[in-house]
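As provided, protein_10.tsv (TSV, C-alpha atoms and all ligand atoms) reads as follows.
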chain	number	residue	atom	x	y	z
O	1	VAL	CA	1.91	-14.89	-2.31
O	2	LEU	CA	2.51	-11.53	-0.72
O	3	HIS	CA	6.24	-12.09	0.04
O	4	LEU	CA	5.89	-10.44	3.47
O	5	ALA	CA	8.78	-11.27	5.84
O	6	SER	CA	6.66	-10.77	8.96
O	7	ARG	CA	3.10	-11.03	10.17
O	8	THR	CA	1.32	-8.09	11.74
O	9	ASP	CA	1.30	-8.29	15.52
O	10	PRO	CA	-2.24	-9.37	16.53
O	11	SER	CA	-2.42	-6.44	18.99
O	12	TRP	CA	-2.52	-4.06	16.02
O	13	VAL	CA	-6.11	-5.11	15.21
O	14	GLY	CA	-7.37	-4.13	18.65
O	15	ARG	CA	-5.59	-0.78	18.41
O	16	ALA	CA	-6.96	-0.13	14.94
O	17	MET	CA	-10.51	-1.06	15.97
O	18	ALA	CA	-10.27	1.25	18.98
O	19	HIS	CA	-9.30	4.14	16.67
O	20	LEU	CA	-11.30	3.07	13.64
O	21	ASP	CA	-12.25	6.59	12.46
O	22	GLU	CA	-8.57	7.58	12.25
O	23	VAL	CA	-7.67	4.33	10.48
O	24	LEU	CA	-10.51	4.61	7.94
O	25	LEU	CA	-9.54	8.20	7.18
O	26	ASP	CA	-5.91	7.13	6.80
O	27	HIS	CA	-7.02	4.32	4.51
O	28	ALA	CA	-8.79	6.84	2.26
O	29	HIS	CA	-5.59	8.91	2.08
O	30	CYS	CA	-3.57	5.76	1.31
O	31	GLU	CA	-5.76	4.94	-1.71
O	32	LYS	CA	-5.27	8.49	-3.02
O	33	LYS	CA	-1.52	8.21	-2.47
O	34	ALA	CA	-1.39	4.84	-4.24
O	35	ALA	CA	-2.98	6.42	-7.33
O	36	SER	CA	-0.56	9.33	-7.21
O	37	THR	CA	2.47	7.05	-6.88
O	38	ALA	CA	1.46	5.02	-9.94
O	39	ILE	CA	0.94	8.22	-11.96
O	40	ASN	CA	4.33	9.54	-10.82
O	41	LEU	CA	5.97	6.38	-12.20
O	42	ILE	CA	4.23	6.93	-15.54
O	43	PHE	CA	5.71	10.43	-15.67
O	44	ARG	CA	9.15	9.37	-14.45
O	45	TYR	CA	9.64	6.42	-16.82
O	46	PRO	CA	8.05	7.27	-20.21
O	47	ASP	CA	10.83	5.29	-21.93
O	48	HIS	CA	9.40	2.10	-20.45
O	49	ALA	CA	6.31	1.65	-22.59
O	50	SER	CA	5.43	-1.62	-20.85
O	51	LEU	CA	4.75	0.26	-17.61
O	52	MET	CA	2.17	2.67	-19.07
O	53	ARG	CA	-0.97	0.54	-19.37
O	54	PRO	CA	-0.67	-1.52	-16.17
O	55	LEU	CA	0.18	1.55	-14.08
O	56	SER	CA	-2.56	3.64	-15.67
O	57	ALA	CA	-5.10	0.90	-14.93
O	58	LEU	CA	-3.75	0.53	-11.41
O	59	ALA	CA	-3.99	4.29	-10.78
O	60	ARG	CA	-7.59	4.31	-12.00
O	61	GLU	CA	-8.44	1.44	-9.70
O	62	GLU	CA	-6.83	3.20	-6.73
O	63	LEU	CA	-8.91	6.30	-7.42
O	64	GLU	CA	-12.00	4.08	-7.40
O	65	HIS	CA	-10.84	2.73	-4.04
O	66	PHE	CA	-10.42	6.32	-2.88
O	67	GLU	CA	-14.03	7.05	-3.83
O	68	THR	CA	-15.16	3.85	-2.11
O	69	MET	CA	-13.42	4.95	1.08
O	70	LEU	CA	-14.96	8.44	0.80
O	71	LYS	CA	-18.36	6.70	0.77
O	72	VAL	CA	-17.39	4.64	3.81
O	73	LEU	CA	-16.39	7.84	5.63
O	74	ASP	CA	-19.66	9.53	4.62
O	75	ALA	CA	-21.73	6.57	5.78
O	76	ARG	CA	-20.05	6.71	9.17
O	77	GLY	CA	-20.25	10.49	9.48
O	78	ILE	CA	-16.47	10.92	9.41
O	79	PRO	CA	-15.53	14.19	7.69
O	80	PHE	CA	-12.69	13.95	5.16
O	81	ARG	CA	-9.83	16.13	6.33
O	82	ARG	CA	-6.10	16.56	6.21
O	83	GLN	CA	-4.32	13.96	8.34
O	84	LYS	CA	-0.70	13.33	9.18
O	85	PRO	CA	0.37	10.17	7.30
O	86	SER	CA	2.11	7.34	9.13
O	87	ALA	CA	5.89	7.24	8.96
O	88	TYR	CA	5.70	3.84	7.22
O	89	ALA	CA	6.02	4.78	3.53
O	90	GLY	CA	8.81	7.29	4.17
O	91	ARG	CA	10.79	4.76	6.17
O	92	LEU	CA	10.19	2.13	3.52
O	93	MET	CA	11.54	4.44	0.80
O	94	LYS	CA	14.93	4.57	2.56
O	95	VAL	CA	15.77	1.23	0.92
O	96	VAL	CA	15.53	2.85	-2.53
O	97	ARG	CA	18.98	3.34	-4.08
O	98	ALA	CA	19.75	6.69	-5.69
O	99	GLY	CA	21.03	5.81	-9.19
O	100	GLU	CA	19.05	4.36	-12.07
O	101	PRO	CA	18.16	1.65	-12.90
O	102	ALA	CA	18.42	0.52	-9.26
O	103	ARG	CA	16.08	3.30	-8.19
O	104	MET	CA	13.40	2.00	-10.52
O	105	LEU	CA	13.66	-1.62	-9.36
O	106	ASP	CA	13.58	-0.57	-5.72
O	107	THR	CA	10.64	1.78	-6.19
O	108	LEU	CA	8.58	-0.92	-7.93
O	109	LEU	CA	9.35	-3.32	-5.09
O	110	VAL	CA	8.58	-0.78	-2.35
O	111	CYS	CA	5.22	-0.22	-4.07
O	112	ALA	CA	4.75	-4.00	-4.17
O	113	PHE	CA	5.27	-4.25	-0.41
O	114	ILE	CA	2.97	-1.35	0.43
O	115	GLU	CA	0.29	-3.21	-1.54
O	116	ALA	CA	1.10	-6.49	0.23
O	117	ARG	CA	1.04	-5.03	3.73
O	118	SER	CA	-2.17	-3.12	2.95
O	119	CYS	CA	-3.73	-6.37	1.82
O	120	GLU	CA	-2.64	-8.20	4.97
O	121	ARG	CA	-3.95	-5.45	7.25
O	122	MET	CA	-7.26	-5.14	5.39
O	123	GLN	CA	-7.68	-8.88	5.82
O	124	LEU	CA	-7.20	-8.52	9.59
O	125	LEU	CA	-9.65	-5.62	9.74
O	126	SER	CA	-12.28	-7.34	7.59
O	127	ALA	CA	-12.25	-10.31	9.98
O	128	ALA	CA	-12.72	-7.97	12.96
O	129	PHE	CA	-15.56	-5.84	11.56
O	130	ALA	CA	-19.04	-6.32	12.98
O	131	ASP	CA	-20.54	-4.34	10.09
O	132	PRO	CA	-21.21	-6.73	7.13
O	133	LEU	CA	-21.12	-3.87	4.62
O	134	LEU	CA	-17.68	-2.76	5.76
O	135	GLU	CA	-16.53	-6.38	5.67
O	136	LYS	CA	-17.74	-6.71	2.08
O	137	VAL	CA	-16.02	-3.47	1.00
O	138	TYR	CA	-12.76	-4.61	2.56
O	139	CYS	CA	-12.90	-8.07	0.99
O	140	GLU	CA	-13.15	-6.45	-2.42
O	141	LEU	CA	-10.38	-3.96	-1.72
O	142	LEU	CA	-7.94	-6.49	-0.31
O	143	ALA	CA	-8.34	-8.76	-3.35
O	144	ALA	CA	-7.39	-5.82	-5.57
O	145	GLU	CA	-4.36	-4.96	-3.41
O	146	ALA	CA	-3.11	-8.55	-3.66
O	147	ARG	CA	-3.40	-8.24	-7.43
O	148	HIS	CA	-1.53	-4.89	-7.35
O	149	HIS	CA	1.28	-6.56	-5.42
O	150	THR	CA	1.58	-9.11	-8.22
O	151	THR	CA	1.44	-6.36	-10.86
O	152	TYR	CA	4.37	-4.47	-9.33
O	153	VAL	CA	6.48	-7.61	-8.87
O	154	GLY	CA	5.61	-8.70	-12.43
O	155	LEU	CA	6.68	-5.34	-13.89
O	156	ALA	CA	9.99	-5.57	-12.01
O	157	GLU	CA	10.57	-9.10	-13.31
O	158	GLU	CA	9.75	-8.06	-16.87
O	159	ILE	CA	12.29	-5.23	-16.82
O	160	PHE	CA	15.01	-6.57	-14.52
O	161	GLY	CA	14.62	-10.34	-14.86
O	162	GLY	CA	13.45	-12.91	-12.35
O	163	GLU	CA	16.76	-13.45	-10.62
O	164	ALA	CA	17.64	-9.80	-9.94
O	165	THR	CA	14.08	-9.14	-8.83
O	166	ALA	CA	13.96	-12.12	-6.46
O	167	GLU	CA	17.25	-11.12	-4.88
O	168	ARG	CA	16.20	-7.54	-4.26
O	169	LEU	CA	12.73	-8.66	-3.18
O	170	GLU	CA	14.27	-10.46	-0.25
O	171	THR	CA	16.18	-7.35	0.87
O	172	VAL	CA	13.14	-5.12	0.57
O	173	ALA	CA	10.98	-7.67	2.42
O	174	LEU	CA	13.38	-7.70	5.37
O	175	HIS	CA	13.65	-3.90	5.35
O	176	GLU	CA	9.85	-3.59	5.33
O	177	ALA	CA	9.43	-6.01	8.24
O	178	GLN	CA	12.13	-4.20	10.21
O	179	GLN	CA	10.63	-0.75	9.65
O	180	LEU	CA	7.29	-2.05	10.86
O	181	ALA	CA	8.83	-3.70	13.91
O	182	GLU	CA	10.72	-0.54	14.89
O	183	ALA	CA	7.94	1.93	14.13
O	184	TYR	CA	6.34	3.93	16.91
O	185	PRO	CA	2.69	2.76	17.12
O	186	GLU	CA	0.31	5.05	15.23
O	187	ASP	CA	-3.45	4.81	14.62
O	188	ARG	CA	-2.94	4.20	10.94
O	189	LEU	CA	-3.38	1.39	8.39
O	190	HIS	CA	0.40	0.88	8.44
O	191	GLY	CA	0.85	2.11	12.03
O	201	FE	FE	-6.26	0.33	-3.35
O	202	FE	FE	-3.38	-1.04	-4.49
As structure tokens, how would this structure be written, given the file I've shared?
Amino acid sequence: VLHLASRTDPSWVGRAMAHLDEVLLDHAHCEKKAASTAINLIFRYPDHASLMRPLSALAREELEHFETMLKVLDARGIPFRRQKPSAYAGRLMKVVRAGEPARMLDTLLVCAFIEARSCERMQLLSAAFADPLLEKVYCELLAAEARHHTTYVGLAEEIFGGEATAERLETVALHEAQQLAEAYPEDRLHG
């Protein structure tokens, strides 16, 4: 279960396919960012030993995904370059409360939803691809992102308990769906 409070508008797929180079480049950047976010949590919360191994493994996996996407870009002749990220993650982070431990719970759940939405969107793209190789790559990636969603929710439950996590999960799910609904359309994975 991905806990998403909304489904992506079907028109997004057509938009993404029409600007596939931009979306694939953005996807590569997203994998890099996912690794960096997991590493940041390792640095921010060294007192939570239970976070270290799962987040280290997750970060490694995201870097592998980054390298996979670099190969996809190479194969399609898309040069890797700097690209303006979508507003999605920044808007999502606005739900994070300032003081600890609330900040930690919220950050874990925001990460969980980025993973969930990525998984949903990759699923939509993989179904739309005409290229069987790209479809295969995406099927593998989206399975991992679903697992990452579960990892982040599981870590939150372990530290904050099932009840507190479930309650906050609902709030973050609604916030995520709202940010997506209100966002200006961009040619990005979360656009
Ligand atoms: Fe990933
Ligand atoms: Fe992930």
Taking only C-alpha atoms into account, which of O:Cys30, O:Leu105, O:Ala112, O:Leu134 comes nearest Arg76 in chain O?
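Looking at the shortest contact to Arg76 in chain O, the residue is O:Leu134.
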Could you report the residues within 10 Å of ligand FE 201 (chain O), using only C-alpha atoms and all ligand atoms, as a ChimeraX atom specification?
/O:27-28,30-35,58-66,68-69,115,118-119,140-148
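Between CA of Phe43 in chain O and CA of His190 in chain O the interatomic distance comes to 26.5 Å.
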Distance of CA of Leu2 in chain O from CA of Asp131 in chain O, expressed in Å to one decimal place
26.5 Å
Pick out the closest residue to ligand FE 202 (chain O) from this set: O:Leu73, O:Leu124, O:Ala183, O:Ala116. Count all atoms listed in the file.
O:Ala116
Kindly compute an axis-aligned box around the listed atoms of range 21-29 of chain O, allowing 8 Å on each side, and express its centre and edge lengths in Å to one decimal as JSON.
{"center_x": -8.9, "center_y": 6.6, "center_z": 7.3, "size_x": 22.7, "size_y": 20.6, "size_z": 26.4}
Of O:Ser86, O:Thr151, O:Ser50, O:Ser126, the one nearest to ligand FE 202 (chain O) when counting only C-alpha atoms and all ligand atoms is O:Thr151
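Those residues that approach Gln83 in chain O to within 10 Å, counting only C-alpha atoms, are Glu22, Leu25, Asp26, His29, Phe80, Arg81, Pro85 and Ser86 of chain O; same-chain residues fewer than 2 positions away are not listed.
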Quote the spacing between CA of Lys94 in chain O and CA of Met122 in chain O in Å to one decimal place.
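That distance, rounded to one decimal, is 24.4 Å.
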Pick from O:Thr165, O:Ser56, O:Thr150, O:Gln123 nearest to Met104 in chain O, counting all atoms listed in the file:
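Looking at the shortest contact to Met104 in chain O, the residue is O:Thr165.
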Between O:Met93, O:Leu51, O:Cys111, O:Ala156, single out the one closest to ligand FE 202 (chain O), counting only C-alpha atoms and all ligand atoms.
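Selected residue with least distance to ligand FE 202 (chain O): O:Cys111.
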If you count all atoms listed in the file, the residue of O:Val110, O:Arg103, O:Phe129, O:Leu24 closest to Ile78 in chain O turns out to be O:Leu24
